[in-house]
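*Asks:* Have a look at this one before I ask anything.
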Amino acid sequence: MALSMSDVDRFEAARPRLEALAYRLLGSAGEAEDAVQETFLRWQATDVERIEVPEAWLTKVLTNLCLNQLTSARARRETYVGRWLPEPLLAGDPMLGPADTAEQRESVSYAVLVLLERLSPNERAVYVLREAFDYPHREIAGILDLTEAASQQIYHRAKKHVAGGKARTEIDGATARRIVEEFLAAATSGRTEPLVRLLTQDAVSVGDGGGKVPARAKAFEGALAVARFLRGLFKPSEAKRAYVGGAPEIHATTANGGPAVVAVVDGRVVGITCLEVTAEGIAAVRSQVNPDKLVRATGRWAAAGHREAPLHTL
């Protein structure tokens with residue numbers, strides 16, 4: 001069924017919100033784009049004149065597509081090589097979505113996206129719709145075909161699971177850069193002591209290479225173990241340069257609203273390390289090096305036209 005230009009424009013006006021919702025639900029920018037495109041195809045195939053509230057219809061269709069995707073993703077991740085981590089988004093990416101409230105900012109933080117992986121698809125959907133987009137439980141119930149009471153129960157259960165992680169510290173861009181600079185200075189010092197001082201006692205470090213780039217599947221646990229690993233990770237070597245096709249330039253930035261280290265080779269992002277910061281120090285160091293999950297970041301990096309000198313070169 002052919003859409004009028006006004007119908008296409010209405011969908012395009014909703015696209016940013018739909019993409020932000022899908023990303024939070026799926027933890028993958030590529031899968032989020034696919035889900036939004038499938039929503040458009042269904043919008044195109046329906047009689048839009050009979051839809052009373054288009055925004056509600058689009059949200060329901062997209063959310064249920066994502067729920068189906070989450071169910072199949074769980075099966076696929078059982079055979080995923082190594083540890084599965086979400087796809088990080090660099091500062092300014094429109095897919096990060098609304099960031100007006102502390103709840104909205106936290107809902108897309110890398111630490112929370114990792115925790116959301118523990119939830120059931122329904123728990124994740126209720127949490128995201130309520131926490132990030134402030135949907136009332138009456139509307140969430142309609143989207144997910146639940147009762148309002150069930151939506152409230154699921155939300156409280158999901159929020160309890162997410163709150164079970166460490167209390168994260170919200171920081172601004174300048175503070176994030178300072179944290180990254182201190183972290184890099186310690187990581188490239190060749191000594192473990194400076195890193196240990198920055199880390200919490202129960203700090204963890206994990207990476208996602210997707211079987212395409214070497215990354216340890218089992219997390220390093222404890223400040224000393226993490227510090228020793230990071231000391232080696234940030235030590236320059238010809239082998240590393242040969243593997244990635246050049247000398248990685250290390251920059252400080254933010255990803256998903258938190259401090260992050262970006263490694264770039266000839267304009268190509270080859271790694272993003274997200275730092276989870278608490279009042280006690282850096283509690284988690286999560287590195288995304290799977291090239292499939294860095295394509296969008298590379299595009300955003302190029303579009304931003306970064307010209308500042310790197311903080312370090314490996």
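Ordered as shown in the structure tokens, chains take letters A, B, and onward, while each chain numbers its residues from 1 and ligands are numbered from 1 in the order shown.
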Find the residues near segment 91-98 of chain A: any atom within 7 Å, counting only C-alpha atoms, skip ones fewer than 3 places away on the same chain, and give them as an NGL selection string.
*Replies:* :A and (16-17 or 19-20 or 23 or 104 or 108 or 254-257)
*Asks:* Using C-alpha atoms, can you export the residues from the last selection as a PDB file, in the first residue's frame?
*Replies:*
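Result file follows (selection04.pdb):
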ATOM      1  CA  PRO A  16      14.777   8.989  16.221  1.00  0.00           C
ATOM      2  CA  ARG A  17      12.591   7.957  19.155  1.00  0.00           C
ATOM      3  CA  GLU A  19      15.764   3.977  17.131  1.00  0.00           C
ATOM      4  CA  ALA A  20      16.588   5.099  20.672  1.00  0.00           C
ATOM      5  CA  TYR A  23      18.805   0.365  20.871  1.00  0.00           C
ATOM      6  CA  GLN A 104      17.020   8.628  30.967  1.00  0.00           C
ATOM      7  CA  VAL A 108      21.456   4.085  28.240  1.00  0.00           C
ATOM      8  CA  THR A 254      32.498   9.494  26.321  1.00  0.00           C
ATOM      9  CA  ALA A 255      30.441   6.497  25.243  1.00  0.00           C
ATOM     10  CA  ASN A 256      26.878   6.015  26.437  1.00  0.00           C
ATOM     11  CA  GLY A 257      27.367   9.057  28.637  1.00  0.00           C
TER      12      GLY A 257
END
*Asks:* Report as an mmCIF file with N, CA and C atoms, in the first residue's frame all protein, DNA and RNA residues lying within 12 Å of Glu87 of chain A, evaluated on only C-alpha atoms, omitting residues in the same chain fewer than 4 positions from it.
*Replies:*
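Output contents, as saved in out.cif:
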data_model
loop_
_atom_site.group_PDB
_atom_site.id
_atom_site.type_symbol
_atom_site.label_atom_id
_atom_site.label_comp_id
_atom_site.auth_asym_id
_atom_site.auth_seq_id
_atom_site.Cartn_x
_atom_site.Cartn_y
_atom_site.Cartn_z
ATOM 1 N N TYR A 23 17.426 0.555 20.400
ATOM 2 C CA TYR A 23 18.805 0.365 20.871
ATOM 3 C C TYR A 23 18.825 -0.039 22.334
ATOM 4 N N ARG A 24 18.029 0.612 23.158
ATOM 5 C CA ARG A 24 17.984 0.264 24.576
ATOM 6 C C ARG A 24 17.464 -1.160 24.786
ATOM 7 N N LEU A 25 16.530 -1.565 23.932
ATOM 8 C CA LEU A 25 15.965 -2.901 24.068
ATOM 9 C C LEU A 25 16.923 -3.985 23.593
ATOM 10 N N LEU A 26 17.706 -3.694 22.556
ATOM 11 C CA LEU A 26 18.527 -4.729 21.920
ATOM 12 C C LEU A 26 20.013 -4.632 22.235
ATOM 13 N N GLY A 27 20.498 -3.444 22.619
ATOM 14 C CA GLY A 27 21.923 -3.281 22.900
ATOM 15 C C GLY A 27 22.790 -3.323 21.672
ATOM 16 N N SER A 28 22.184 -3.190 20.500
ATOM 17 C CA SER A 28 22.907 -3.239 19.231
ATOM 18 C C SER A 28 22.342 -2.197 18.287
ATOM 19 N N ALA A 29 23.202 -1.314 17.786
ATOM 20 C CA ALA A 29 22.747 -0.275 16.866
ATOM 21 C C ALA A 29 22.273 -0.880 15.547
ATOM 22 N N GLY A 30 23.026 -1.859 15.046
ATOM 23 C CA GLY A 30 22.649 -2.489 13.782
ATOM 24 C C GLY A 30 21.309 -3.185 13.869
ATOM 25 N N GLU A 31 21.086 -3.944 14.943
ATOM 26 C CA GLU A 31 19.810 -4.627 15.121
ATOM 27 C C GLU A 31 18.679 -3.628 15.353
ATOM 28 N N ALA A 32 18.988 -2.519 16.010
ATOM 29 C CA ALA A 32 17.977 -1.478 16.234
ATOM 30 C C ALA A 32 17.535 -0.879 14.906
ATOM 31 N N MET A 95 21.150 8.036 18.435
ATOM 32 C CA MET A 95 20.511 6.819 18.923
ATOM 33 C C MET A 95 20.558 6.716 20.443
ATOM 34 N N LEU A 96 21.379 7.547 21.100
ATOM 35 C CA LEU A 96 21.390 7.576 22.564
ATOM 36 C C LEU A 96 20.067 8.069 23.116
ATOM 37 N N VAL A 108 20.645 4.391 29.416
ATOM 38 C CA VAL A 108 21.456 4.085 28.240
ATOM 39 C C VAL A 108 22.935 4.007 28.600
ATOM 40 N N SER A 109 23.263 4.083 29.885
ATOM 41 C CA SER A 109 24.657 3.942 30.293
ATOM 42 C C SER A 109 25.126 2.531 29.979
ATOM 43 N N TYR A 110 26.413 2.391 29.734
ATOM 44 C CA TYR A 110 26.935 1.076 29.346
ATOM 45 C C TYR A 110 26.745 0.060 30.474
ATOM 46 N N ALA A 111 26.939 0.501 31.702
ATOM 47 C CA ALA A 111 26.785 -0.405 32.842
ATOM 48 C C ALA A 111 25.364 -0.943 32.925
ATOM 49 N N LEU A 113 23.137 -1.104 30.390
ATOM 50 C CA LEU A 113 22.884 -1.983 29.242
ATOM 51 C C LEU A 113 23.411 -3.390 29.510
ATOM 52 N N VAL A 114 24.552 -3.484 30.184
ATOM 53 C CA VAL A 114 25.092 -4.800 30.541
ATOM 54 C C VAL A 114 24.149 -5.501 31.512
ATOM 55 N N GLY A 207 36.220 -8.293 27.932
ATOM 56 C CA GLY A 207 36.211 -7.790 26.564
ATOM 57 C C GLY A 207 35.351 -8.638 25.659
ATOM 58 N N ASP A 208 34.912 -8.049 24.551
ATOM 59 C CA ASP A 208 34.087 -8.726 23.549
ATOM 60 C C ASP A 208 34.794 -8.618 22.203
ATOM 61 N N GLY A 209 35.308 -9.756 21.734
ATOM 62 C CA GLY A 209 35.951 -9.788 20.421
ATOM 63 C C GLY A 209 35.125 -10.515 19.389
ATOM 64 N N GLY A 210 34.031 -11.150 19.825
ATOM 65 C CA GLY A 210 33.145 -11.837 18.905
ATOM 66 C C GLY A 210 33.799 -12.966 18.129
ATOM 67 N N ALA A 255 31.288 7.453 25.953
ATOM 68 C CA ALA A 255 30.441 6.497 25.243
ATOM 69 C C ALA A 255 29.284 6.161 26.157
ATOM 70 N N ASN A 256 28.074 6.248 25.630
ATOM 71 C CA ASN A 256 26.878 6.015 26.437
ATOM 72 C C ASN A 256 26.860 6.885 27.692
ATOM 73 N N GLY A 271 38.706 -0.129 18.898
ATOM 74 C CA GLY A 271 38.374 -0.531 20.254
ATOM 75 C C GLY A 271 37.791 0.616 21.048
ATOM 76 N N ILE A 272 36.797 0.308 21.878
ATOM 77 C CA ILE A 272 36.229 1.279 22.809
ATOM 78 C C ILE A 272 36.192 0.620 24.183
ATOM 79 N N THR A 273 36.840 1.245 25.138
ATOM 80 C CA THR A 273 36.854 0.740 26.510
ATOM 81 C C THR A 273 36.027 1.663 27.381
ATOM 82 N N CYS A 274 34.950 1.137 27.937
ATOM 83 C CA CYS A 274 34.050 1.923 28.777
ATOM 84 C C CYS A 274 34.391 1.696 30.253
ATOM 85 N N ARG A 286 35.236 -2.379 30.554
ATOM 86 C CA ARG A 286 34.642 -3.246 29.539
ATOM 87 C C ARG A 286 35.092 -2.779 28.149
ATOM 88 N N SER A 287 35.719 -3.684 27.411
ATOM 89 C CA SER A 287 36.290 -3.324 26.107
ATOM 90 C C SER A 287 35.526 -3.999 24.972
ATOM 91 N N GLN A 288 35.074 -3.180 24.032
ATOM 92 C CA GLN A 288 34.423 -3.692 22.837
ATOM 93 C C GLN A 288 35.412 -3.619 21.671
ATOM 94 N N VAL A 289 35.834 -4.789 21.176
ATOM 95 C CA VAL A 289 36.799 -4.830 20.071
ATOM 96 C C VAL A 289 36.274 -5.643 18.894
ATOM 97 N N ASN A 290 35.044 -6.141 18.998
ATOM 98 C CA ASN A 290 34.429 -6.840 17.876
ATOM 99 C C ASN A 290 34.202 -5.836 16.749
ATOM 100 N N PRO A 291 34.864 -6.004 15.594
ATOM 101 C CA PRO A 291 34.741 -5.001 14.521
ATOM 102 C C PRO A 291 33.312 -4.784 14.048
ATOM 103 N N ASP A 292 32.460 -5.800 14.145
ATOM 104 C CA ASP A 292 31.064 -5.649 13.721
ATOM 105 C C ASP A 292 30.325 -4.636 14.587
ATOM 106 N N LYS A 293 30.785 -4.485 15.834
ATOM 107 C CA LYS A 293 30.113 -3.571 16.762
ATOM 108 C C LYS A 293 30.810 -2.217 16.855
ATOM 109 N N LEU A 294 31.712 -1.948 15.918
ATOM 110 C CA LEU A 294 32.433 -0.675 15.910
ATOM 111 C C LEU A 294 32.235 0.085 14.604
ATOM 112 N N VAL A 295 31.417 -0.447 13.709
ATOM 113 C CA VAL A 295 31.184 0.196 12.412
ATOM 114 C C VAL A 295 30.516 1.558 12.595
ATOM 115 N N ARG A 296 29.466 1.599 13.399
ATOM 116 C CA ARG A 296 28.766 2.867 13.611
ATOM 117 C C ARG A 296 29.665 3.872 14.315
ATOM 118 N N ALA A 297 30.450 3.393 15.290
ATOM 119 C CA ALA A 297 31.364 4.283 16.012
ATOM 120 C C ALA A 297 32.391 4.881 15.062
#
*Asks:* Counting only C-alpha atoms, what is within 10 Å of Pro248 of chain A, bar same-chain residues fewer than 6 positions away, as a count of residues only?
*Replies:* 17
*Asks:* DSSP on the backbone, strand (DSSP E) only: what residues of segment 20-235 of chain A does that give? Format it as a list in words.
*Replies:* Leu199, Thr200, Gln201, Asp202, Ala203, Val204, Ser205, Val206, Gly207, Asp208, Phe220 and Glu221 of chain A
*Asks:* Go through A:Thr59, A:Thr147, A:Asn68, A:Thr192 and flag the residue nearest Leu129 of chain A, using only C-alpha atoms for the distances.
*Replies:*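 Ranked by minimum distance to Leu129 of chain A, first place goes to A:Thr59.
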*Asks:* So the first atom is atom CA of Glu55 of chain A and the second is atom CA of Ala14 of chain A; what is the distance between them in Å, to one decimal place?
*Replies:*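 About the pair atom CA of Glu55 of chain A and atom CA of Ala14 of chain A: they are 7.2 Å apart.
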*Asks:* Figure out the distance between atom CA of Ala303 of chain A and atom CA of Leu90 of chain A, please, to one decimal in Å.
*Replies:*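 Computed distance, atom CA of Leu90 of chain A to atom CA of Ala303 of chain A, equals 11.4 Å.
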*Asks:* Please provide the set of residues having any atom within 9 Å of Gly222 of chain A, restricted to only C-alpha atoms, with same-chain residues fewer than 5 positions apart removed, written as an mmCIF file with C-alpha atoms, in the first residue's frame.
*Replies:*
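File written: around_13.cif
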data_model
loop_
_atom_site.group_PDB
_atom_site.id
_atom_site.type_symbol
_atom_site.label_atom_id
_atom_site.label_comp_id
_atom_site.auth_asym_id
_atom_site.auth_seq_id
_atom_site.Cartn_x
_atom_site.Cartn_y
_atom_site.Cartn_z
ATOM 1 C CA LEU A 199 40.259 0.610 40.818
ATOM 2 C CA THR A 200 37.817 -0.691 43.389
ATOM 3 C CA GLN A 201 38.941 -3.789 45.274
ATOM 4 C CA ASP A 202 36.399 -5.953 43.417
ATOM 5 C CA ALA A 203 36.941 -4.362 39.990
ATOM 6 C CA VAL A 204 36.373 -6.496 36.891
ATOM 7 C CA SER A 205 37.632 -6.323 33.321
ATOM 8 C CA ALA A 227 45.724 -3.854 36.853
#
*Asks:* Find the residue from A:Gln44, A:Thr188, A:Thr79, A:Thr298 that sits nearest to Phe234 of chain A; use only C-alpha atoms when measuring.
*Replies:*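 With only C-alpha atoms as the atom set, the closest residue is A:Thr188.
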*Asks:* What gap, in Å, lies between atom CA of Lys218 of chain A and atom CA of Glu181 of chain A?
*Replies:*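 Rounded to one decimal, the two atoms are 26.8 Å apart.
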*Asks:* If you run DSSP over the backbone, which residues in segment 33-261 of chain A end up alpha helix (DSSP H)? Put them as a PyMOL selection string.
*Replies:* chain A and resi 33-45+54-77+102-107+110-116+121-131+137-144+148-163+173-187+193-198+223-233+238-244
*Asks:* At a cut-off of 8 Å, using only C-alpha atoms, what residues contact segment 169-180 of chain A? Leave out same-chain residues fewer than 2 positions from it and give the result as a list of chain:residue names.
*Replies:*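 That gives A:Ala167, A:Glu182, A:Phe183, A:Leu184, A:Ala252, A:Thr253, A:Thr254, A:Gly258, A:Pro259, A:Ala260, A:Val261, A:Val277, A:Thr278, A:Ala279.
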*Asks:* Please produce an output containing N, CA and C atoms for each residue in the selection, written as a PDB file, in the first residue's frame.
*Replies:*
ATOM      1  N   ALA A 167      26.293   1.373  42.834  1.00  0.00           N
ATOM      2  CA  ALA A 167      25.756   2.718  42.674  1.00  0.00           C
ATOM      3  C   ALA A 167      26.711   3.511  41.787  1.00  0.00           C
ATOM      4  N   GLU A 182      43.607  10.204  33.735  1.00  0.00           N
ATOM      5  CA  GLU A 182      44.239   9.561  34.886  1.00  0.00           C
ATOM      6  C   GLU A 182      44.374   8.057  34.653  1.00  0.00           C
ATOM      7  N   PHE A 183      43.328   7.469  34.087  1.00  0.00           N
ATOM      8  CA  PHE A 183      43.348   6.036  33.811  1.00  0.00           C
ATOM      9  C   PHE A 183      44.455   5.696  32.809  1.00  0.00           C
ATOM     10  N   LEU A 184      44.548   6.472  31.729  1.00  0.00           N
ATOM     11  CA  LEU A 184      45.569   6.206  30.714  1.00  0.00           C
ATOM     12  C   LEU A 184      46.975   6.419  31.260  1.00  0.00           C
ATOM     13  N   ALA A 252      40.575  10.188  24.554  1.00  0.00           N
ATOM     14  CA  ALA A 252      39.579  10.228  25.627  1.00  0.00           C
ATOM     15  C   ALA A 252      38.266  10.745  25.060  1.00  0.00           C
ATOM     16  N   THR A 253      37.171  10.102  25.399  1.00  0.00           N
ATOM     17  CA  THR A 253      35.864  10.556  24.941  1.00  0.00           C
ATOM     18  C   THR A 253      34.813  10.044  25.922  1.00  0.00           C
ATOM     19  N   THR A 254      33.558  10.130  25.547  1.00  0.00           N
ATOM     20  CA  THR A 254      32.498   9.494  26.321  1.00  0.00           C
ATOM     21  C   THR A 254      31.745   8.548  25.393  1.00  0.00           C
ATOM     22  N   GLY A 258      29.302   7.889  29.569  1.00  0.00           N
ATOM     23  CA  GLY A 258      30.335   7.662  30.568  1.00  0.00           C
ATOM     24  C   GLY A 258      31.722   7.771  29.977  1.00  0.00           C
ATOM     25  N   PRO A 259      32.753   7.846  30.831  1.00  0.00           N
ATOM     26  CA  PRO A 259      34.127   7.967  30.343  1.00  0.00           C
ATOM     27  C   PRO A 259      34.525   6.749  29.521  1.00  0.00           C
ATOM     28  N   ALA A 260      35.237   7.006  28.419  1.00  0.00           N
ATOM     29  CA  ALA A 260      35.628   5.913  27.539  1.00  0.00           C
ATOM     30  C   ALA A 260      36.960   6.210  26.874  1.00  0.00           C
ATOM     31  N   VAL A 261      37.678   5.138  26.572  1.00  0.00           N
ATOM     32  CA  VAL A 261      38.939   5.208  25.845  1.00  0.00           C
ATOM     33  C   VAL A 261      38.680   4.670  24.447  1.00  0.00           C
ATOM     34  N   VAL A 277      32.272   4.018  36.659  1.00  0.00           N
ATOM     35  CA  VAL A 277      32.815   4.771  37.787  1.00  0.00           C
ATOM     36  C   VAL A 277      31.814   4.801  38.942  1.00  0.00           C
ATOM     37  N   THR A 278      32.308   4.482  40.124  1.00  0.00           N
ATOM     38  CA  THR A 278      31.511   4.588  41.345  1.00  0.00           C
ATOM     39  C   THR A 278      32.230   5.532  42.301  1.00  0.00           C
ATOM     40  N   ALA A 279      31.614   5.787  43.443  1.00  0.00           N
ATOM     41  CA  ALA A 279      32.239   6.675  44.426  1.00  0.00           C
ATOM     42  C   ALA A 279      33.551   6.093  44.948  1.00  0.00           C
TER      43      ALA A 279
END
*Asks:* Could you name the residues that touch Pro54 of chain A at 10 Å or less, counting only C-alpha atoms, but leaving out those on the same chain fewer than 5 positions away, as a list in words?
*Replies:*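 Once the nearby chain positions are removed, what remains is Asp7, Arg10, Phe11, Ala14, Trp43, Val48, Glu49, Thr59 and Lys60 of chain A.
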*Asks:* Looking at only C-alpha atoms, which of A:Leu89, A:Ala99, A:Leu41, A:Gly246 is the one that sits closest to Arg300 of chain A?
*Replies:*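 Closest residue, counting only C-alpha atoms: A:Leu89.
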